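Data block below; observations after.
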Amino acid sequence: MLVLNIVAGINSIMLYLNYSGASHSEFRNIQSSPHLILMMLFGIFTIIMFIVAIINFLNWFRRAYYNLHLFSAKKLSFDEDMAVWSFMIPILNLVRPFTIATEIYDGNHAKACELLDEKLPKNDSIISIWWMLFVILGIFISILSNLGGEDNIQELVQSMLFLGIAELLGVPRLIAAIYMVKEVSKVESIVYKKRLGLDEQEVLIESISEEE
């Protein structure tokens, strides 16, 4: 997915560079060119893969929050289904996913420290970085959606440039999301293995191995 983001961004920027000076008649002629059709098919493939990635992430996010409900000593802020809906409800989606992600990490980290009876290093800053990039890119895409239109060829071509920039800006957000999942999974793994009855040494060794 990371590679697709980069290639899709370059793809959109290339479309802009190739067709930025095209007139209405020239644009109609190049719409049927094999090169443009191929790039558009790649764009459709990228969108499909992006949707699949979103579904997988939301499934993971909901599962992590559901698991936290199973062993958390204190009442959590929301129902586990809100882990998914929080991304879809306007206004709330600016704050609530971050709140839930923080609860997931803090809850698992606290439980891991409790089960191992020692203080483990905490790396929750990645959640703030991930969410900051998520919101910034979301605002950028929202602005982008209001630019250009099919009635104005030059604005449509210009929107390809903004789309390419948005896709390239999505790369650091994706990297942050991957590291966030890794950090949450790390403390989740300690809790899971400890609850299965592995001794402290086994849990720590396996946790260190996963981190490396």
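Residue numbers start at 1 in each chain; chains themselves are named A, B, ... in the order of the structure tokens; ligands are numbered from 1 in the order shown.
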Discussion item. Need to verify the contact set: Gly107 of chain A, 10 Å, only C-alpha atoms, exclusion of same-chain residues closer than 3 positions in sequence. Can you return it as a list in words?
Written reply: Tyr65, Leu68, His69, Phe71, Ser72, Ala73, Lys74, Leu76, Ala101, Thr102, Glu103, Ile104, Ala110, Lys111, Ala112, Val184, Val187 and Glu188 of chain A
Written selection (C-alpha atoms) as a short mmCIF file (atom, residue, chain, number, x, y, z; two decimals), in the first residue's frame:
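Saved file again.cif follows:
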data_model
loop_
_atom_site.label_atom_id
_atom_site.label_comp_id
_atom_site.auth_asym_id
_atom_site.auth_seq_id
_atom_site.Cartn_x
_atom_site.Cartn_y
_atom_site.Cartn_z
CA TYR A 65 -11.06 -1.92 21.54
CA LEU A 68 -9.71 -3.97 25.93
CA HIS A 69 -13.34 -4.17 27.11
CA PHE A 71 -10.04 -7.17 30.71
CA SER A 72 -10.16 -3.47 31.54
CA ALA A 73 -10.83 -2.90 35.23
CA LYS A 74 -12.41 0.49 34.58
CA LEU A 76 -14.24 2.56 28.96
CA ALA A 101 -6.71 4.93 20.10
CA THR A 102 -5.21 6.50 23.23
CA GLU A 103 -7.50 4.40 25.45
CA ILE A 104 -6.47 1.23 23.60
CA ALA A 110 -1.18 -0.36 32.04
CA LYS A 111 -2.36 -3.99 32.00
CA ALA A 112 1.01 -5.19 30.68
CA VAL A 184 -0.33 -1.13 20.21
CA VAL A 187 1.69 -4.20 24.43
CA GLU A 188 -1.37 -6.24 23.38
#
Worksheet item: Which residues come within 7 Å of Ala176 of chain A, counting only C-alpha atoms, excluding same-chain residues fewer than 5 positions away, as number ranges by chain?
Response: A: 126, 129-130
Practice prompt. Would you please work out which residue, of A:Leu163, A:Ala83, A:Ile89, A:Ala8, is nearest to Ala64 of chain A when using only C-alpha atoms?
Written response: A:Ala83
Worksheet entry | Residues near Leu161 of chain A, cut-off 7 Å, only C-alpha atoms, skip fewer than 3 positions along chain, as a list in words |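 Listing them by chain and then by number gives Ser12, Ile13, Tyr16, Gln158, Gly164 and Ile165 of chain A.
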Export N, CA and C atoms of the chosen residues as a PDB file, in the first residue's frame?
ATOM      1  N   SER A  12      -0.494  10.863 -10.707  1.00  0.00           N
ATOM      2  CA  SER A  12      -1.368  12.037 -10.809  1.00  0.00           C
ATOM      3  C   SER A  12      -0.589  13.279 -11.219  1.00  0.00           C
ATOM      4  N   ILE A  13       0.603  13.422 -10.660  1.00  0.00           N
ATOM      5  CA  ILE A  13       1.427  14.588 -11.008  1.00  0.00           C
ATOM      6  C   ILE A  13       1.864  14.529 -12.466  1.00  0.00           C
ATOM      7  N   TYR A  16      -0.900  15.679 -14.619  1.00  0.00           N
ATOM      8  CA  TYR A  16      -0.976  17.144 -14.611  1.00  0.00           C
ATOM      9  C   TYR A  16       0.079  17.750 -15.540  1.00  0.00           C
ATOM     10  N   GLN A 158      -5.770  20.697 -13.055  1.00  0.00           N
ATOM     11  CA  GLN A 158      -5.077  21.191 -11.866  1.00  0.00           C
ATOM     12  C   GLN A 158      -5.390  20.340 -10.643  1.00  0.00           C
ATOM     13  N   GLY A 164      -2.290  14.363  -6.586  1.00  0.00           N
ATOM     14  CA  GLY A 164      -0.962  13.747  -6.470  1.00  0.00           C
ATOM     15  C   GLY A 164      -0.261  14.153  -5.196  1.00  0.00           C
ATOM     16  N   ILE A 165      -0.368  15.457  -4.846  1.00  0.00           N
ATOM     17  CA  ILE A 165       0.246  15.941  -3.612  1.00  0.00           C
ATOM     18  C   ILE A 165      -0.403  15.274  -2.403  1.00  0.00           C
TER      19      ILE A 165
END
Practice prompt. Would you mind listing what lies within 12 Å of Ile178 of chain A as JSON, numbers by chain, with only C-alpha atoms counted and same-chain residues fewer than 5 positions away left out?
Written response: {"A": [1, 2, 53, 57, 60, 126, 127, 129, 130, 171, 172, 173, 183, 184, 185]}
Discussion item. Please report the interatomic distance between atom CA of Asn59 of chain A and atom CA of Gly170 of chain A in Å with one decimal.
Written reply: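 So the answer is 20.3 Å.
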Worksheet item: Quick one, how far is atom CA of Asn11 of chain A from atom CA of Val135 of chain A?
Response: 24.1 Å
Fill in: Å distance separating atom CA of Val84 of chain A from atom CA of Leu41 of chain A, one decimal place
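Going from atom CA of Val84 of chain A over to atom CA of Leu41 of chain A, I get 29.5 Å.
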Worksheet item: Given the choices A:Leu137, A:Asn93, A:Phe45, A:Phe78, which gets closest to Val7 of chain A if the distance is worked out from only C-alpha atoms?
Response: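 Counting only C-alpha atoms, the residue closest to Val7 of chain A is A:Phe45.
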